[in-house]
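Visitor: Got a structure for you, questions after.
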Amino acid sequence: MPYLRPLLGAVALGLSVSAGLPAQEADSSLVTLDRLFASDEFTPEFLGAVRWLEGEPTYTRLEPDSTTPPARALVRYDAASGRRDVWVPASRLVPPGDSVPLAIEDYAVSPDKHHILLFTNSRRVWRQNTRGDFWTLDLSSWQLRKLGGPSAAPSTLMFAKFSPDGGRVAYVREHNLYVEDLAGGRITQLTHDGSRTIINGTFDWVYEEELNLRDGFRWSPDGRRIAFWQLDASGVHDFLLIDDTDSLYSFTIPVQYPKAGTTNSAARVGVVSADGGTPVWLAVPGDPRNNYIARLEWAASPDEVVLEHLNRAQNTLEVMLGDARSGQVRTVLTERDSAWVDVVDDLRWIDGGKSFTWISERDGWRHLYVVSRDGAKVRLVTPGPFDLHNPGSAFGAPLVVGVDSAAGWIYYTASPDNATQLYLYRTRLAGRDRPERITPRDQPGYHTYKISKDGRWAFHTWSSFGTPPVVEVVRLPKHEVVRTLVRNQRLREAVARLKRGKAEFVKVGAGDGLRLDGWVMRPPGFDSTKRYPVLYHVYGEPAGQTVLDQWDGETYLWHLMLTQQGYVVASVDNRGTPAPRGRAFRKAIYRRIGIVNTADQAAAARTMRQWPWVDSTRIGVWGWSGGGSTTLNLMFRYPEIYATGMSVAPVPDERLYDTIYQERYMGLPQENEAVYREGSALTFADHLRGNLLMVHGSGDDNVHYQGTERLVNALVAANRPFTLMVYPNRSHCICEGEGTDLHLFSLLTRYLEQNLPAGGR
């Protein structure tokens, strides 16, 4: 999906500010581009890979090993006392014949706690580094062994994970599934047909991007079988990215990419013995190229799996139980919606497998239900006019964050009174009590939790707008803080020294009684008798919100820098964003992307330009990805409002984006040609009157540069002036290569200075 790119990643070192952007490093109260993008001054601390150990109040994390710098050790902590134990020193992570410890990127502990699985030497696959080398460490003998055998090339293993008894590890290598025995090292190949087009145990581009699926296999509870996805991508067209810079002659990079209305991969589910053999294929009904298998897990039984089956239009989702022995399936629950149905990441088996938890909007709000195994009984657990909420749910983050099975409580995140915030609640699974807020009421902002399996402990992360996060260990349900793991003290002190004007959350009228959430950042020394330019930061599509009461890293700091230069910076969440304001608010954008969102944004801007200190002749807008598309539509549809726009990595023509995202929200283009045309900024390019900067990476595998090129042609044909910057071979984040972040944001800043003059008048 088009996504809201956070400004965080690469920090370019030793670079100077672009010409015309004066550096003022001596003044610690001022944000500069160098301080943001050419130093680590505002780099936050991160908790890193931390795990709750099952069956005990203990957690583990990777920490620097003082005896073997810069390597890291695996450390255990007792949650209650804080007692620290170096479980695996870095000296134990030196491979045979080597002298340097492995650079551990991630790890897992076997269920029997006899082995550690180590991930290193990773390589990027589309969005994340999911391919690399895996090693196992025997905690009794300290034997360190690389998985894959002598035939495995470096960095080719994916998603290695222990069997339930801890005795074996399964993984994907070059689109085939393998199981490796830890005692003797025997490797069993489970699938043999893997290729570029037959994909076992992992996914193609669009399944990963839009269904948040990467790891495509599951061990059965008894460790005897493995259930897995297989995708046949032979009917998917290649989109060719062109690399012009890395060799004497250009070359193409093919990406299997189904554009809206074209052929998808055919997905099916197989169940294979962990000892090898012929898979049993589930008899899932329908054309596999026109349906999706969106989720797959074992159904609290070694003989049944549960899957979520989604039709091509994504308005009907069936929960199916599949027999691992016969392959027969039956539907136990069906969700339908006149717009779209969201995939559920909160199916948890309870009552010994007799029931499962489910999320549905069937009453107009996103609520938790308990469903009997046969689907005959569906019971609402969280009644009321509010949504369970987690803005990360579009990327697989759960709404149900913990279960205390012994006491019968379920924990979830929500914010009934404020759509910009997030808090922890709990309620009885029996559904007889009112929801109880667990997050203290004197901590406004944005709270996320990673709860231990027994529901007694949690890692709690808390931040707010303009305030960096802290991470604590808390005891539940009292939310008693027993330890602070991350304070971000250095960052907090650096931010506290900065000159900041008033920042506030507002409600903005958008007509017909609609009031939208927004925030406004004013310049330091703001004078209400003067009029100021306003720059709007937009996203506006179902994949993300911009109006959240949380720390937003370098995005916030860049906006703060602009306020120090004399700009007002603001943001508004329109209908169609995933805000917890009910189904009708979120799905008002159905078949209206580019129309409803921009109408709401323009209506809010009209309201705000009536404020006495807003200069209505100096209104600007900027956004990335979906926000870049919204920026284009605002500039073309409402030229009387917006004088300057900066569009980064946009989708000017909705027909050019992928099947799953675009069809979910707009329907199939063959059936909705007029809707696609009306929603696409390309259609209205000749309406441009203001200043427009477009930025794209030529190596963007997500939102192809092709769309921007087509828009360039349309603007040229209409004789409309514009500015274009293309970053060679950069992907959708436009973050690769030394100095890229600094250059990009220097460009954006300079464009504003030249076309939307700063300061009150």
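We name chains A, B, ... following the order of the structure tokens; residues begin at 1 in each chain, and ligands are numbered from 1 as shown.
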If you run DSSP on the backbone here, which positions in segment 473-638 of chain A get strand (DSSP E)? Please write them as number ranges by chain.
Guide: A: 473-475, 480-486, 503-509, 515-521, 532-538, 568-572, 614-624
Visitor: List the spatial neighbours of Val169 of chain A as a PDB file with N, CA and C atoms, in the first residue's frame - criterion: any atom at most 10 Å away, only C-alpha atoms, same-chain residues fewer than 6 positions off excluded.
Guide:
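Saved to out.pdb:
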```pdb
ATOM      1  N   SER A 110      14.297 -21.565  21.831  1.00  0.00           N
ATOM      2  CA  SER A 110      13.496 -22.765  21.594  1.00  0.00           C
ATOM      3  C   SER A 110      12.506 -22.968  22.736  1.00  0.00           C
ATOM      4  N   LEU A 117      18.229 -19.617  18.382  1.00  0.00           N
ATOM      5  CA  LEU A 117      18.295 -19.452  16.931  1.00  0.00           C
ATOM      6  C   LEU A 117      18.731 -18.021  16.657  1.00  0.00           C
ATOM      7  N   THR A 136      22.342 -22.020  15.006  1.00  0.00           N
ATOM      8  CA  THR A 136      21.791 -22.471  16.281  1.00  0.00           C
ATOM      9  C   THR A 136      22.921 -22.600  17.292  1.00  0.00           C
ATOM     10  N   LEU A 147      22.926 -23.264   9.874  1.00  0.00           N
ATOM     11  CA  LEU A 147      21.893 -24.065   9.234  1.00  0.00           C
ATOM     12  C   LEU A 147      21.993 -23.971   7.716  1.00  0.00           C
ATOM     13  N   PHE A 159      13.004 -17.092   7.503  1.00  0.00           N
ATOM     14  CA  PHE A 159      11.934 -17.429   8.448  1.00  0.00           C
ATOM     15  C   PHE A 159      12.182 -18.709   9.249  1.00  0.00           C
ATOM     16  N   ALA A 160      13.430 -19.003   9.563  1.00  0.00           N
ATOM     17  CA  ALA A 160      13.719 -20.212  10.342  1.00  0.00           C
ATOM     18  C   ALA A 160      13.008 -20.146  11.687  1.00  0.00           C
ATOM     19  N   LYS A 161      12.421 -21.270  12.078  1.00  0.00           N
ATOM     20  CA  LYS A 161      11.773 -21.310  13.392  1.00  0.00           C
ATOM     21  C   LYS A 161      11.738 -22.734  13.931  1.00  0.00           C
ATOM     22  N   PHE A 162      11.783 -22.802  15.268  1.00  0.00           N
ATOM     23  CA  PHE A 162      11.840 -24.080  15.965  1.00  0.00           C
ATOM     24  C   PHE A 162      10.521 -24.833  15.848  1.00  0.00           C
ATOM     25  N   SER A 163      10.624 -26.160  15.855  1.00  0.00           N
ATOM     26  CA  SER A 163       9.451 -27.011  16.030  1.00  0.00           C
ATOM     27  C   SER A 163       8.964 -26.873  17.473  1.00  0.00           C
ATOM     28  N   TYR A 178      12.334 -26.537   3.976  1.00  0.00           N
ATOM     29  CA  TYR A 178      13.245 -27.548   4.506  1.00  0.00           C
ATOM     30  C   TYR A 178      13.025 -27.685   6.007  1.00  0.00           C
ATOM     31  N   VAL A 179      13.363 -28.872   6.519  1.00  0.00           N
ATOM     32  CA  VAL A 179      13.416 -29.120   7.963  1.00  0.00           C
ATOM     33  C   VAL A 179      14.787 -29.682   8.285  1.00  0.00           C
ATOM     34  N   GLU A 180      15.411 -29.127   9.325  1.00  0.00           N
ATOM     35  CA  GLU A 180      16.740 -29.579   9.726  1.00  0.00           C
ATOM     36  C   GLU A 180      16.696 -30.075  11.169  1.00  0.00           C
ATOM     37  N   ASP A 181      17.196 -31.292  11.365  1.00  0.00           N
ATOM     38  CA  ASP A 181      17.239 -31.900  12.697  1.00  0.00           C
ATOM     39  C   ASP A 181      18.446 -31.355  13.461  1.00  0.00           C
ATOM     40  N   LEU A 182      18.216 -30.874  14.694  1.00  0.00           N
ATOM     41  CA  LEU A 182      19.306 -30.258  15.439  1.00  0.00           C
ATOM     42  C   LEU A 182      20.257 -31.275  16.040  1.00  0.00           C
ATOM     43  N   ILE A 187      18.978 -32.885   6.923  1.00  0.00           N
ATOM     44  CA  ILE A 187      18.123 -31.904   6.262  1.00  0.00           C
ATOM     45  C   ILE A 187      17.129 -32.635   5.364  1.00  0.00           C
ATOM     46  N   TRP A 219       4.264 -24.457  11.821  1.00  0.00           N
ATOM     47  CA  TRP A 219       4.376 -25.773  12.445  1.00  0.00           C
ATOM     48  C   TRP A 219       3.038 -26.157  13.090  1.00  0.00           C
TER      49      TRP A 219
END
```
Visitor: Take atom CA of Leu752 of chain A and atom CA of Trp558 of chain A and report the distance between them in Å, one decimal.
Guide: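 Atom CA of Trp558 of chain A lies 12.6 Å from atom CA of Leu752 of chain A.
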Visitor: Can you tell me, as a list in words, what residues are no more than 12 Å from Val125 of chain A when counting only C-alpha atoms, ignoring any on the same chain fewer than 2 positions away?
Guide: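 Returned residues: Ser122, Arg123, Arg127, Gln128, Asn129, Thr130, Arg131, Gly132, Ser155, Thr156, Leu157, Met158, Thr202, Phe203, Asp204, Trp205, Glu208, Glu209, Arg214, Asp215, Val255 and Asp701 of chain A.
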Visitor: Which neighbours of Lys453 of chain A fall inside 10 Å, counting only C-alpha atoms, when residues of the same chain fewer than 6 positions from it are skipped, and could you give them as a list in words?
Guide: Trp52, Leu53, Glu54, Gly55, Glu56, Pro57, Val401, Gly402, Val403, Asp404 and Ser405 of chain A
Visitor: Grab the residues selected above and save them as an mmCIF file, in the first residue's frame with N, CA and C atoms.
Guide:
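Produced file selection.cif, reproduced below:
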```cif
data_model
loop_
_atom_site.group_PDB
_atom_site.id
_atom_site.type_symbol
_atom_site.label_atom_id
_atom_site.label_comp_id
_atom_site.auth_asym_id
_atom_site.auth_seq_id
_atom_site.Cartn_x
_atom_site.Cartn_y
_atom_site.Cartn_z
ATOM 1 N N TRP A 52 9.699 -11.956 25.782
ATOM 2 C CA TRP A 52 9.254 -12.586 27.023
ATOM 3 C C TRP A 52 9.516 -14.079 26.920
ATOM 4 N N LEU A 53 10.116 -14.665 27.935
ATOM 5 C CA LEU A 53 10.310 -16.114 27.961
ATOM 6 C C LEU A 53 9.030 -16.775 28.452
ATOM 7 N N GLU A 54 8.614 -17.801 27.721
ATOM 8 C CA GLU A 54 7.360 -18.454 28.051
ATOM 9 C C GLU A 54 7.476 -19.233 29.365
ATOM 10 N N GLY A 55 6.445 -19.117 30.191
ATOM 11 C CA GLY A 55 6.362 -19.903 31.404
ATOM 12 C C GLY A 55 7.099 -19.343 32.603
ATOM 13 N N GLU A 56 7.694 -18.153 32.461
ATOM 14 C CA GLU A 56 8.386 -17.551 33.595
ATOM 15 C C GLU A 56 8.410 -16.033 33.426
ATOM 16 N N PRO A 57 8.452 -15.297 34.546
ATOM 17 C CA PRO A 57 8.441 -13.820 34.468
ATOM 18 C C PRO A 57 9.831 -13.279 34.138
ATOM 19 N N VAL A 401 -3.999 -7.285 22.478
ATOM 20 C CA VAL A 401 -2.567 -7.319 22.758
ATOM 21 C C VAL A 401 -2.194 -8.298 23.864
ATOM 22 N N GLY A 402 -3.178 -8.900 24.525
ATOM 23 C CA GLY A 402 -2.832 -9.860 25.565
ATOM 24 C C GLY A 402 -4.058 -10.551 26.129
ATOM 25 N N VAL A 403 -3.826 -11.742 26.668
ATOM 26 C CA VAL A 403 -4.893 -12.515 27.298
ATOM 27 C C VAL A 403 -4.381 -13.060 28.621
ATOM 28 N N ASP A 404 -5.142 -12.834 29.693
ATOM 29 C CA ASP A 404 -4.889 -13.466 30.986
ATOM 30 C C ASP A 404 -5.901 -14.596 31.107
ATOM 31 N N SER A 405 -5.533 -15.756 30.585
ATOM 32 C CA SER A 405 -6.477 -16.869 30.506
ATOM 33 C C SER A 405 -6.921 -17.335 31.887
#
```
Visitor: Just the residues within 10 Å of segment 455-458 of chain A, please, counting only C-alpha atoms, with nothing from its chain fewer than 4 positions along; format it as a PyMOL selection string.
Guide: chain A and resi 52+57-59+79-80+401-407+409-411+448-451+472-482
Visitor: Selected residues, C-alpha atoms, written as an mmCIF file, in the first residue's frame, please.
Guide:
```cif
data_model
loop_
_atom_site.group_PDB
_atom_site.id
_atom_site.type_symbol
_atom_site.label_atom_id
_atom_site.label_comp_id
_atom_site.auth_asym_id
_atom_site.auth_seq_id
_atom_site.Cartn_x
_atom_site.Cartn_y
_atom_site.Cartn_z
ATOM 1 C CA TRP A 52 9.254 -12.586 27.023
ATOM 2 C CA PRO A 57 8.441 -13.820 34.468
ATOM 3 C CA THR A 58 11.653 -13.283 32.532
ATOM 4 C CA TYR A 59 12.595 -11.333 29.438
ATOM 5 C CA ALA A 79 10.831 -8.932 35.473
ATOM 6 C CA ALA A 80 10.080 -8.326 39.153
ATOM 7 C CA VAL A 401 -2.567 -7.319 22.758
ATOM 8 C CA GLY A 402 -2.832 -9.860 25.565
ATOM 9 C CA VAL A 403 -4.893 -12.515 27.298
ATOM 10 C CA ASP A 404 -4.889 -13.466 30.986
ATOM 11 C CA SER A 405 -6.477 -16.869 30.506
ATOM 12 C CA ALA A 406 -6.322 -17.823 34.172
ATOM 13 C CA ALA A 407 -8.374 -14.813 35.252
ATOM 14 C CA TRP A 409 -9.360 -11.087 30.986
ATOM 15 C CA ILE A 410 -8.529 -9.860 27.505
ATOM 16 C CA TYR A 411 -6.427 -6.746 26.868
ATOM 17 C CA THR A 448 1.571 0.648 22.994
ATOM 18 C CA TYR A 449 2.143 -2.647 24.799
ATOM 19 C CA LYS A 450 3.865 -5.979 24.325
ATOM 20 C CA ILE A 451 2.287 -8.255 26.924
ATOM 21 C CA GLU A 472 8.985 0.662 30.782
ATOM 22 C CA VAL A 473 8.356 -2.747 32.270
ATOM 23 C CA VAL A 474 4.947 -2.638 33.962
ATOM 24 C CA ARG A 475 3.104 -5.136 36.111
ATOM 25 C CA LEU A 476 -0.504 -5.734 35.091
ATOM 26 C CA PRO A 477 -3.262 -4.995 35.794
ATOM 27 C CA LYS A 478 -2.181 -2.184 38.124
ATOM 28 C CA HIS A 479 0.183 -0.701 35.525
ATOM 29 C CA GLU A 480 2.862 -0.604 38.194
ATOM 30 C CA VAL A 481 6.164 0.600 36.699
ATOM 31 C CA VAL A 482 8.944 -1.666 37.904
#
```
Visitor: Determine the nearest neighbour of Val538 of chain A from the options A:Gln489, A:Phe585, A:Ser647, A:Asp78, counting only C-alpha atoms.
Guide: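 Comparing A:Gln489, A:Phe585, A:Ser647, A:Asp78 against Val538 of chain A, the winner is A:Ser647.
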Visitor: What gap, in Å, lies between atom CA of Glu105 of chain A and atom CA of Ser39 of chain A?
Guide: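 Distance between the two atoms: 23.5 Å.
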Visitor: Check the smallest atom-to-atom distance from each of A:Thr420, A:Ser338, A:Thr630, A:Thr577 to Ala543 of chain A using only C-alpha atoms, then report the winner.
Guide: A:Thr577
Visitor: Neighbouring residues of Leu62 of chain A were defined as those with any atom within 8 Å, considering only C-alpha atoms; residues of the same chain fewer than 6 positions away were excluded. Please report them as a PDB file with C-alpha atoms, in the first residue's frame.
Guide:
```
ATOM      1  CA  GLY A  48      15.747  -3.617  20.167  1.00  0.00           C
ATOM      2  CA  ALA A  49      14.957  -7.322  20.022  1.00  0.00           C
ATOM      3  CA  VAL A  50      13.336  -8.139  23.360  1.00  0.00           C
ATOM      4  CA  ARG A  72      26.319  -8.099  21.631  1.00  0.00           C
ATOM      5  CA  ALA A  73      25.393 -10.599  24.312  1.00  0.00           C
ATOM      6  CA  LEU A  74      22.007 -12.140  25.054  1.00  0.00           C
ATOM      7  CA  VAL A  75      20.937 -11.084  28.532  1.00  0.00           C
TER       8      VAL A  75
END
```
Visitor: Counting only C-alpha atoms, which of A:Arg330, A:Arg710, A:Arg76, A:His743 gets nearest to Val284 of chain A?
Guide: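 Ranked by minimum distance to Val284 of chain A, first place goes to A:Arg330.
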Visitor: Given only C-alpha atoms as the basis, pick out the residue of A:Leu548, A:Val695, A:Ala233, A:Ala419 nearest to Ala579 of chain A.
Guide: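 Using only C-alpha atoms, the shortest distance to Ala579 of chain A belongs to A:Ala419.
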Visitor: Which residues of segment 569-663 of chain A sit at most 12 Å from segment 239-246 of chain A, using only C-alpha atoms? Give each one's shortest atom pair and distance in Å (one decimal place), in chain and ascending residue order, as JSON lines.
Guide:
```
{"residue": "A:Leu656", "atom": "CA", "partner": "A:Phe239", "partner_atom": "CA", "distance": 10.7}
{"residue": "A:Tyr657", "atom": "CA", "partner": "A:Phe239", "partner_atom": "CA", "distance": 11.4}
{"residue": "A:Asp658", "atom": "CA", "partner": "A:Phe239", "partner_atom": "CA", "distance": 11.2}
```
Visitor: Between A:Pro580, A:Pro721, A:Pro612, A:Gly223, which residue has the minimum interatomic distance to Arg531 of chain A, considering only C-alpha atoms?
Guide: A:Pro612
Visitor: Quick one: everything within 10 Å of Ala496 of chain A, counting only C-alpha atoms, minus sequence neighbours fewer than 3 positions away in the same chain. Send it as a ChimeraX atom specification.
Guide: /A:28-29,466-467,490-493,499-500
Visitor: Write a file of the just-selected residues containing C-alpha atoms, as a PDB file, in the first residue's frame.
Guide:
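Just written: again-v4.pdb:
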```pdb
ATOM      1  CA  SER A  28      21.173  24.621  20.139  1.00  0.00           C
ATOM      2  CA  SER A  29      17.690  26.142  20.138  1.00  0.00           C
ATOM      3  CA  GLY A 466       6.714  16.611  20.607  1.00  0.00           C
ATOM      4  CA  THR A 467       7.813  14.281  23.426  1.00  0.00           C
ATOM      5  CA  ARG A 490      19.760  12.700  25.541  1.00  0.00           C
ATOM      6  CA  LEU A 491      17.079  13.199  22.904  1.00  0.00           C
ATOM      7  CA  ARG A 492      14.642  14.678  25.406  1.00  0.00           C
ATOM      8  CA  GLU A 493      17.229  17.199  26.537  1.00  0.00           C
ATOM      9  CA  LYS A 499      12.588  26.997  20.438  1.00  0.00           C
ATOM     10  CA  ARG A 500       9.011  25.899  20.069  1.00  0.00           C
TER      11      ARG A 500
END
```
